[in-house]
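Asks: If it helps, the file is called start.cif and holds mmCIF, C-alpha atoms and all ligand atoms:
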data_protein
#
loop_
_atom_site.group_PDB
_atom_site.id
_atom_site.type_symbol
_atom_site.label_atom_id
_atom_site.label_comp_id
_atom_site.auth_asym_id
_atom_site.auth_seq_id
_atom_site.Cartn_x
_atom_site.Cartn_y
_atom_site.Cartn_z
ATOM 1 C CA MET A 1 0.518 -1.726 33.804
ATOM 2 C CA GLY A 2 2.215 -1.959 30.409
ATOM 3 C CA LYS A 3 2.063 -5.106 28.317
ATOM 4 C CA ARG A 4 4.961 -7.519 28.503
ATOM 5 C CA ILE A 5 6.383 -9.194 25.427
ATOM 6 C CA GLY A 6 8.433 -12.390 25.302
ATOM 7 C CA VAL A 7 10.517 -12.872 22.155
ATOM 8 C CA LEU A 8 11.772 -16.210 20.817
ATOM 9 C CA LEU A 9 14.499 -16.142 18.181
ATOM 10 C CA SER A 10 17.062 -18.403 16.538
ATOM 11 C CA GLY A 11 19.445 -16.024 14.785
ATOM 12 C CA ARG A 12 20.176 -12.467 13.707
ATOM 13 C CA GLY A 13 17.361 -10.790 15.615
ATOM 14 C CA SER A 14 16.543 -7.878 13.293
ATOM 15 C CA ASN A 15 12.800 -8.353 13.827
ATOM 16 C CA PHE A 16 13.350 -8.390 17.579
ATOM 17 C CA GLU A 17 15.334 -5.177 17.252
ATOM 18 C CA ALA A 18 12.636 -3.554 15.109
ATOM 19 C CA LEU A 19 10.059 -4.348 17.826
ATOM 20 C CA ALA A 20 12.370 -3.000 20.546
ATOM 21 C CA GLU A 21 12.919 0.201 18.505
ATOM 22 C CA SER A 22 9.186 0.644 17.963
ATOM 23 C CA MET A 23 8.608 0.357 21.705
ATOM 24 C CA SER A 24 11.240 2.951 22.584
ATOM 25 C CA ALA A 25 9.963 5.268 19.851
ATOM 26 C CA GLY A 26 6.360 5.021 21.093
ATOM 27 C CA ARG A 27 5.070 3.300 17.938
ATOM 28 C CA ILE A 28 4.062 0.405 20.221
ATOM 29 C CA PRO A 29 2.907 2.298 23.328
ATOM 30 C CA ASP A 30 2.768 0.917 26.890
ATOM 31 C CA ALA A 31 4.770 -2.204 26.117
ATOM 32 C CA GLU A 32 8.183 -3.594 26.873
ATOM 33 C CA ILE A 33 10.210 -6.663 25.980
ATOM 34 C CA ALA A 34 10.397 -8.618 29.214
ATOM 35 C CA VAL A 35 12.601 -11.438 27.971
ATOM 36 C CA VAL A 36 14.316 -12.800 24.855
ATOM 37 C CA ILE A 37 14.929 -16.547 24.635
ATOM 38 C CA SER A 38 16.906 -18.583 22.134
ATOM 39 C CA HIS A 39 17.693 -22.277 21.799
ATOM 40 C CA ARG A 40 20.985 -21.301 20.101
ATOM 41 C CA GLY A 41 23.870 -20.075 22.240
ATOM 42 C CA GLY A 42 25.487 -18.234 19.353
ATOM 43 C CA ALA A 43 22.364 -16.377 18.200
ATOM 44 C CA PRO A 44 23.401 -12.759 17.484
ATOM 45 C CA GLY A 45 19.902 -11.706 18.590
ATOM 46 C CA ILE A 46 20.802 -12.651 22.164
ATOM 47 C CA GLU A 47 23.778 -10.266 22.128
ATOM 48 C CA ARG A 48 21.648 -7.549 20.559
ATOM 49 C CA ALA A 49 19.111 -7.954 23.364
ATOM 50 C CA ARG A 50 21.771 -7.852 26.091
ATOM 51 C CA ALA A 51 23.261 -4.715 24.518
ATOM 52 C CA ARG A 52 19.842 -3.123 25.066
ATOM 53 C CA GLY A 53 19.811 -4.234 28.691
ATOM 54 C CA ILE A 54 17.060 -6.777 28.077
ATOM 55 C CA ASP A 55 16.999 -10.086 29.989
ATOM 56 C CA ALA A 56 18.169 -12.521 27.270
ATOM 57 C CA ARG A 57 18.463 -16.226 27.984
ATOM 58 C CA VAL A 58 19.754 -19.242 26.145
ATOM 59 C CA ILE A 59 17.842 -22.442 26.826
ATOM 60 C CA PRO A 60 19.593 -25.206 24.864
ATOM 61 C CA SER A 61 17.228 -27.609 23.151
ATOM 62 C CA ARG A 62 19.733 -30.382 22.435
ATOM 63 C CA GLY A 63 18.526 -33.799 23.555
ATOM 64 C CA LEU A 64 15.122 -32.554 24.722
ATOM 65 C CA GLU A 65 11.727 -33.615 23.398
ATOM 66 C CA ARG A 66 9.739 -30.674 21.980
ATOM 67 C CA ASP A 67 7.285 -30.773 24.864
ATOM 68 C CA ALA A 68 9.963 -30.882 27.590
ATOM 69 C CA TYR A 69 11.782 -27.992 25.935
ATOM 70 C CA ASP A 70 8.664 -25.878 25.606
ATOM 71 C CA ARG A 71 7.790 -26.469 29.262
ATOM 72 C CA GLN A 72 11.062 -24.746 30.191
ATOM 73 C CA VAL A 73 10.355 -21.845 27.844
ATOM 74 C CA VAL A 74 6.777 -21.405 29.082
ATOM 75 C CA ALA A 75 8.037 -21.445 32.703
ATOM 76 C CA VAL A 76 10.289 -18.461 31.913
ATOM 77 C CA MET A 77 7.467 -16.674 30.071
ATOM 78 C CA ARG A 78 5.242 -17.148 33.150
ATOM 79 C CA GLU A 79 8.024 -16.054 35.523
ATOM 80 C CA LYS A 80 8.385 -12.858 33.482
ATOM 81 C CA ASN A 81 4.584 -12.286 33.320
ATOM 82 C CA VAL A 82 4.571 -12.276 29.537
ATOM 83 C CA ASP A 83 1.292 -11.250 27.870
ATOM 84 C CA LEU A 84 2.255 -11.794 24.235
ATOM 85 C CA VAL A 85 4.841 -14.148 22.710
ATOM 86 C CA CYS A 86 6.488 -12.887 19.494
ATOM 87 C CA LEU A 87 8.349 -15.366 17.318
ATOM 88 C CA ALA A 88 11.088 -13.457 15.520
ATOM 89 C CA GLY A 89 12.987 -15.775 13.215
ATOM 90 C CA TYR A 90 12.309 -18.715 15.521
ATOM 91 C CA MET A 91 13.065 -21.866 13.572
ATOM 92 C CA ARG A 92 11.296 -24.362 15.829
ATOM 93 C CA LEU A 93 7.737 -25.602 15.728
ATOM 94 C CA LEU A 94 5.857 -24.965 18.982
ATOM 95 C CA SER A 95 4.380 -27.916 20.868
ATOM 96 C CA PRO A 96 0.603 -28.199 21.388
ATOM 97 C CA TYR A 97 1.376 -27.568 25.080
ATOM 98 C CA PHE A 98 2.937 -24.158 24.342
ATOM 99 C CA VAL A 99 0.154 -23.187 21.936
ATOM 100 C CA LYS A 100 -2.485 -24.123 24.517
ATOM 101 C CA GLU A 101 -0.755 -22.236 27.339
ATOM 102 C CA TYR A 102 -0.573 -19.019 25.291
ATOM 103 C CA HIS A 103 -3.599 -19.596 23.086
ATOM 104 C CA GLY A 104 -4.336 -16.524 20.938
ATOM 105 C CA CYS A 105 -1.324 -14.749 22.428
ATOM 106 C CA ILE A 106 1.446 -15.931 20.090
ATOM 107 C CA VAL A 107 2.308 -14.188 16.817
ATOM 108 C CA ASN A 108 4.861 -14.953 14.111
ATOM 109 C CA ILE A 109 6.427 -13.158 11.157
ATOM 110 C CA HIS A 110 7.024 -15.175 7.992
ATOM 111 C CA PRO A 111 8.834 -13.968 4.833
ATOM 112 C CA SER A 112 6.179 -14.867 2.231
ATOM 113 C CA LEU A 113 2.539 -14.192 1.443
ATOM 114 C CA LEU A 114 1.113 -17.204 3.268
ATOM 115 C CA PRO A 115 -0.263 -19.735 2.514
ATOM 116 C CA ALA A 116 2.353 -19.625 -0.264
ATOM 117 C CA PHE A 117 5.814 -20.870 0.667
ATOM 118 C CA PRO A 118 5.545 -21.977 4.305
ATOM 119 C CA GLY A 119 8.552 -23.507 6.061
ATOM 120 C CA LEU A 120 12.201 -22.813 5.455
ATOM 121 C CA GLU A 121 13.795 -20.497 2.876
ATOM 122 C CA ALA A 122 10.533 -18.880 1.836
ATOM 123 C CA GLN A 123 12.320 -16.224 -0.247
ATOM 124 C CA ARG A 124 14.233 -18.884 -2.216
ATOM 125 C CA GLN A 125 11.012 -20.863 -2.715
ATOM 126 C CA ALA A 126 9.328 -17.730 -4.134
ATOM 127 C CA LEU A 127 12.196 -16.998 -6.543
ATOM 128 C CA GLU A 128 12.372 -20.610 -7.707
ATOM 129 C CA HIS A 129 8.624 -20.754 -8.246
ATOM 130 C CA GLY A 130 8.804 -17.611 -10.378
ATOM 131 C CA VAL A 131 6.110 -15.568 -8.650
ATOM 132 C CA LYS A 132 5.977 -11.862 -9.525
ATOM 133 C CA PHE A 133 4.955 -10.805 -6.024
ATOM 134 C CA THR A 134 5.891 -12.199 -2.648
ATOM 135 C CA GLY A 135 6.123 -10.447 0.719
ATOM 136 C CA CYS A 136 5.577 -11.154 4.380
ATOM 137 C CA THR A 137 2.843 -12.194 6.782
ATOM 138 C CA VAL A 138 2.175 -11.696 10.483
ATOM 139 C CA HIS A 139 -0.148 -14.389 11.800
ATOM 140 C CA PHE A 140 -1.402 -15.920 15.016
ATOM 141 C CA VAL A 141 0.332 -19.184 15.846
ATOM 142 C CA ASP A 142 -1.525 -22.438 16.269
ATOM 143 C CA GLU A 143 -0.310 -26.049 16.023
ATOM 144 C CA THR A 144 -0.099 -25.872 12.229
ATOM 145 C CA LEU A 145 3.104 -24.787 10.472
ATOM 146 C CA ASP A 146 2.776 -21.151 9.332
ATOM 147 C CA ALA A 147 -0.995 -21.517 8.966
ATOM 148 C CA GLY A 148 -2.696 -19.618 11.827
ATOM 149 C CA PRO A 149 -5.119 -16.696 11.171
ATOM 150 C CA ILE A 150 -3.472 -13.834 9.281
ATOM 151 C CA LEU A 151 -3.194 -10.403 10.916
ATOM 152 C CA LEU A 152 -1.309 -8.359 8.323
ATOM 153 C CA GLN A 153 0.512 -8.899 5.037
ATOM 154 C CA ALA A 154 2.691 -6.727 2.806
ATOM 155 C CA ALA A 155 3.398 -7.461 -0.854
ATOM 156 C CA VAL A 156 6.844 -7.033 -2.401
ATOM 157 C CA PRO A 157 7.381 -7.225 -6.187
ATOM 158 C CA VAL A 158 9.987 -9.689 -7.429
ATOM 159 C CA ARG A 159 12.473 -8.139 -9.891
ATOM 160 C CA ASP A 160 13.959 -10.041 -12.798
ATOM 161 C CA ASP A 161 17.477 -9.512 -11.444
ATOM 162 C CA ASP A 162 16.634 -10.442 -7.835
ATOM 163 C CA THR A 163 18.804 -12.892 -5.912
ATOM 164 C CA VAL A 164 17.682 -14.505 -2.650
ATOM 165 C CA GLU A 165 19.728 -11.821 -0.876
ATOM 166 C CA THR A 166 18.300 -8.759 -2.640
ATOM 167 C CA LEU A 167 14.734 -10.064 -2.410
ATOM 168 C CA SER A 168 15.144 -10.968 1.295
ATOM 169 C CA GLU A 169 16.487 -7.485 2.002
ATOM 170 C CA ARG A 170 13.423 -5.762 0.500
ATOM 171 C CA ILE A 171 11.046 -8.167 2.258
ATOM 172 C CA LEU A 172 12.825 -7.538 5.573
ATOM 173 C CA ILE A 173 12.057 -3.805 5.415
ATOM 174 C CA GLU A 174 8.358 -4.683 5.172
ATOM 175 C CA GLU A 175 8.688 -7.321 7.920
ATOM 176 C CA HIS A 176 9.976 -4.751 10.372
ATOM 177 C CA ARG A 177 7.154 -2.358 9.489
ATOM 178 C CA ILE A 178 4.189 -4.758 9.633
ATOM 179 C CA TYR A 179 5.427 -6.704 12.666
ATOM 180 C CA SER A 180 5.367 -3.564 14.808
ATOM 181 C CA GLU A 181 1.990 -2.559 13.396
ATOM 182 C CA ALA A 182 0.535 -6.027 14.083
ATOM 183 C CA VAL A 183 1.903 -6.202 17.635
ATOM 184 C CA ARG A 184 0.345 -2.827 18.376
ATOM 185 C CA ILE A 185 -3.030 -4.008 17.028
ATOM 186 C CA VAL A 186 -2.913 -7.174 19.141
ATOM 187 C CA LEU A 187 -1.864 -5.378 22.328
ATOM 188 C CA GLU A 188 -4.629 -2.814 21.871
ATOM 189 C CA GLY A 189 -7.156 -5.605 21.249
ATOM 190 C CA ARG A 190 -8.094 -3.944 17.940
ATOM 191 C CA TYR A 191 -9.178 -7.096 16.124
ATOM 192 C CA ARG A 192 -11.940 -9.649 15.971
ATOM 193 C CA ILE A 193 -11.568 -13.206 14.722
ATOM 194 C CA GLU A 194 -14.247 -14.638 12.420
ATOM 195 C CA GLY A 195 -13.318 -18.187 11.484
ATOM 196 C CA ARG A 196 -9.969 -17.855 9.764
ATOM 197 C CA ARG A 197 -10.364 -14.113 9.210
ATOM 198 C CA VAL A 198 -8.865 -11.484 11.470
ATOM 199 C CA ILE A 199 -10.884 -8.282 11.177
ATOM 200 C CA ILE A 200 -8.884 -5.200 12.186
ATOM 201 C CA LEU A 201 -10.973 -2.697 14.158
ATOM 202 C CA ASN A 202 -10.640 1.043 14.543
ATOM 203 C CA ALA A 203 -10.360 2.545 18.041
ATOM 204 C CA ALA A 204 -14.137 3.173 18.390
ATOM 205 C CA GLU A 205 -15.029 -0.388 17.339
ATOM 206 C CA ALA A 206 -12.393 -1.776 19.709
ATOM 207 C CA ALA A 207 -13.800 0.261 22.623
ATOM 208 C CA LYS A 208 -17.250 -1.266 21.968
ATOM 209 C CA LYS A 209 -15.740 -4.747 21.954
ATOM 210 C CA HIS A 210 -14.515 -4.261 25.539
ATOM 211 C CA VAL A 211 -17.871 -3.103 26.921
HETATM 212 C C1 LIG B 301 13.057 -13.257 8.947
HETATM 213 O O1 LIG B 301 13.083 -13.071 7.560
HETATM 214 C C2 LIG B 301 11.801 -13.985 9.367
HETATM 215 O O2 LIG B 301 10.671 -13.629 8.628
HETATM 216 C C3 LIG B 301 12.190 -15.412 9.076
HETATM 217 O O3 LIG B 301 13.519 -15.505 9.531
HETATM 218 C C4 LIG B 301 14.146 -14.235 9.388
HETATM 219 C C5 LIG B 301 14.727 -13.862 10.729
HETATM 220 O O4 LIG B 301 15.463 -12.662 10.651
HETATM 221 N N1 LIG B 301 11.324 -16.342 9.754
HETATM 222 C C6 LIG B 301 10.949 -17.511 9.245
HETATM 223 O O5 LIG B 301 11.341 -17.923 8.164
HETATM 224 C C7 LIG B 301 9.998 -18.312 10.125
HETATM 225 N N2 LIG B 301 9.452 -19.418 9.401
HETATM 226 P P1 LIG B 301 15.803 -11.855 11.952
HETATM 227 O O6 LIG B 301 16.458 -12.847 12.920
HETATM 228 O O7 LIG B 301 16.760 -10.791 11.517
HETATM 229 O O8 LIG B 301 14.525 -11.293 12.510
#
How does the structure come out when it is put into C-alpha cells?
Replies:
Amino acid sequence: MGKRIGVLLSGRGSNFEALAESMSAGRIPDAEIAVVISHRGGAPGIERARARGIDARVIPSRGLERDAYDRQVVAVMREKNVDLVCLAGYMRLLSPYFVKEYHGCIVNIHPSLLPAFPGLEAQRQALEHGVKFTGCTVHFVDETLDAGPILLQAAVPVRDDDTVETLSERILIEEHRIYSEAVRIVLEGRYRIEGRRVIILNAAEAAKKHV
C-alpha cells in the first residue's frame, strides 16, 4: 500500500501544492496526500487542496490549549492512517503529545539555513542581519522550535538589491524542490540518524538497513 501523508498548513499552501504536484508527477512515488488540516478557516491552502479533490479540514484552534487542539489533529491523522506528517507553512508549535505520537514521522520546511533565523519572518531576519547566503531547511520535528535533525538544506545568495519579497521568492523555489526530495527520502527510508546528523543513504545502503 502507498504511503499516506497528512499536511498541516496555516496559509497560502504553495509547499503543499509542490508536494501534491510531485506525487502526481511520480517524483514522490507510491504516496498520496490523505488529508490537509488548517487551524485557519481562511487559509488559501485549504481551497487549493479541495480544488485537487483532497480531504481538507479546518479545525479551529481558538480557545483551545495546545494539547487539546493537537489531540483533535492527531485523531484525524489516525483516522486517515497517516504515515508521515508534513508541516507546510504551519505557524503553530506542536505539543509534546503530538511529537510523541508521530515521533520521527514529522517533517517541516523552514525558510532559512537553520540554526540561523528560527521562528517567524526568517527571510526578513536574514536580510536585516546582512548575511550573504540564506536558504531553506527540511528537518525532522521535535519539541524544540525549528531545531530537529536536518534532512536537507539549499543555499540561496542574498543580492544587494533584495527585498523581503524578492528574497522569499527565490528561497521558495528551493523550498519546493528540497521538500519533495526530502519527503521521498523519508518515505523510502533512505536515511540513518546519528546523534543530530541525518545521513542520507543510497538505494543499496537503504536495502541493507531493512534486512
Ligand atoms: C514558507 O516559506 C515556509 O518555509 C514558511 O512559511 C511559508 C509558507 O508558504 N514556514 C515557516 O516559516 C515555518 N516556521 P506556503 O504556505 O506557500 O507553503
Asks: Can you pull out every residue with an atom within 10 Å of ligand LIG 301 (chain B)? Use only C-alpha atoms and all ligand atoms and format it as an NGL selection string.
Replies: :A and (8-19 or 43-45 or 87-93 or 108-112 or 117-123 or 135-138 or 145-146 or 168-169 or 171-176 or 179)
Asks: Which value, in Å to one decimal, gives the distance between CA of Val82 (chain A) and CA of Gly104 (chain A)?
Replies: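 Between these atoms lies a distance of 13.1 Å.
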Asks: I'd like the contact shell of region 66-69 of chain A - 9 Å cut-off, all atoms listed in the file, skipping same-chain residues fewer than 5 positions apart - returned as an MDAnalysis selection string.
Replies: chainID A and resid 59:61 74 92:98
Asks: Apply the PyMOL selection byres (((chain A and resi 134) around 7) and not hetatm) to the structure shown and report the selected residues as an mmCIF file with C-alpha atoms, keeping the file's coordinate frame.
Replies:
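Once written, part-v9.cif looks like this:
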data_model
loop_
_atom_site.group_PDB
_atom_site.id
_atom_site.type_symbol
_atom_site.label_atom_id
_atom_site.label_comp_id
_atom_site.auth_asym_id
_atom_site.auth_seq_id
_atom_site.Cartn_x
_atom_site.Cartn_y
_atom_site.Cartn_z
ATOM 1 C CA SER A 112 6.179 -14.867 2.231
ATOM 2 C CA LEU A 113 2.539 -14.192 1.443
ATOM 3 C CA ALA A 126 9.328 -17.730 -4.134
ATOM 4 C CA VAL A 131 6.110 -15.568 -8.650
ATOM 5 C CA LYS A 132 5.977 -11.862 -9.525
ATOM 6 C CA PHE A 133 4.955 -10.805 -6.024
ATOM 7 C CA GLY A 135 6.123 -10.447 0.719
ATOM 8 C CA ALA A 155 3.398 -7.461 -0.854
ATOM 9 C CA VAL A 156 6.844 -7.033 -2.401
ATOM 10 C CA PRO A 157 7.381 -7.225 -6.187
ATOM 11 C CA VAL A 158 9.987 -9.689 -7.429
#
Asks: Quote the spacing between CA of Ala34 (chain A) and CA of Ala154 (chain A) in Å to one decimal place.
Replies: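 Result for CA of Ala34 (chain A) versus CA of Ala154 (chain A): 27.6 Å, one decimal.
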Asks: Work out how far CA of Gly41 (chain A) is from CA of Ile106 (chain A), in Å to one decimal.
Replies: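 Straight-line distance from CA of Ile106 (chain A) to CA of Gly41 (chain A) works out to 22.9 Å.
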Asks: Using all atoms of region 160-169 of chain A that appear in the file, construct an axis-aligned enclosing box with 4 Å of padding on every side and provide its centre coordinates and edge lengths in Å, rounded to one decimal, as AutoDock Vina command-line options.
Replies:
--center_x 16.8 --center_y -11.0 --center_z -5.4 --size_x 13.8 --size_y 15.0 --size_z 22.8
Asks: Once the PyMOL selection byres (((chain A and resi 20) around 12) and not hetatm) has been evaluated on this model, what residues remain selected, and can you format them as a ChimeraX atom specification?
Replies: /A:4-7,13-19,21-29,31-36,45,48-54,86,88,176,179-180,183
Asks: Any idea what's packed within 12 Å of Tyr191 (chain A), counting all atoms listed in the file, ignoring anything in its chain fewer than 2 positions away? Could you give it as JSON, numbers by chain?
Replies: {"A": [104, 140, 149, 150, 151, 152, 182, 183, 184, 185, 186, 187, 188, 189, 193, 194, 197, 198, 199, 200, 201, 202, 203, 204, 205, 206, 207, 208, 209, 210]}
Asks: Could those residues be written to a file, using C-alpha atoms, as a compact mmCIF listing (two decimals), keeping the file's coordinate frame?
Replies:
# COMPACT_ATOMS: atom_id res chain seq x y z
CA GLY A 104 -4.34 -16.52 20.94
CA PHE A 140 -1.40 -15.92 15.02
CA PRO A 149 -5.12 -16.70 11.17
CA ILE A 150 -3.47 -13.83 9.28
CA LEU A 151 -3.19 -10.40 10.92
CA LEU A 152 -1.31 -8.36 8.32
CA ALA A 182 0.54 -6.03 14.08
CA VAL A 183 1.90 -6.20 17.64
CA ARG A 184 0.34 -2.83 18.38
CA ILE A 185 -3.03 -4.01 17.03
CA VAL A 186 -2.91 -7.17 19.14
CA LEU A 187 -1.86 -5.38 22.33
CA GLU A 188 -4.63 -2.81 21.87
CA GLY A 189 -7.16 -5.60 21.25
CA ILE A 193 -11.57 -13.21 14.72
CA GLU A 194 -14.25 -14.64 12.42
CA ARG A 197 -10.36 -14.11 9.21
CA VAL A 198 -8.86 -11.48 11.47
CA ILE A 199 -10.88 -8.28 11.18
CA ILE A 200 -8.88 -5.20 12.19
CA LEU A 201 -10.97 -2.70 14.16
CA ASN A 202 -10.64 1.04 14.54
CA ALA A 203 -10.36 2.54 18.04
CA ALA A 204 -14.14 3.17 18.39
CA GLU A 205 -15.03 -0.39 17.34
CA ALA A 206 -12.39 -1.78 19.71
CA ALA A 207 -13.80 0.26 22.62
CA LYS A 208 -17.25 -1.27 21.97
CA LYS A 209 -15.74 -4.75 21.95
CA HIS A 210 -14.52 -4.26 25.54
Asks: Rank nothing, just name the residue among A:Ile178, A:Ile37, A:Cys105, A:Val58 nearest to Lys80 (chain A), using all atoms listed in the file.
Replies: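 Ranked by minimum distance to Lys80 (chain A), first place goes to A:Ile37.
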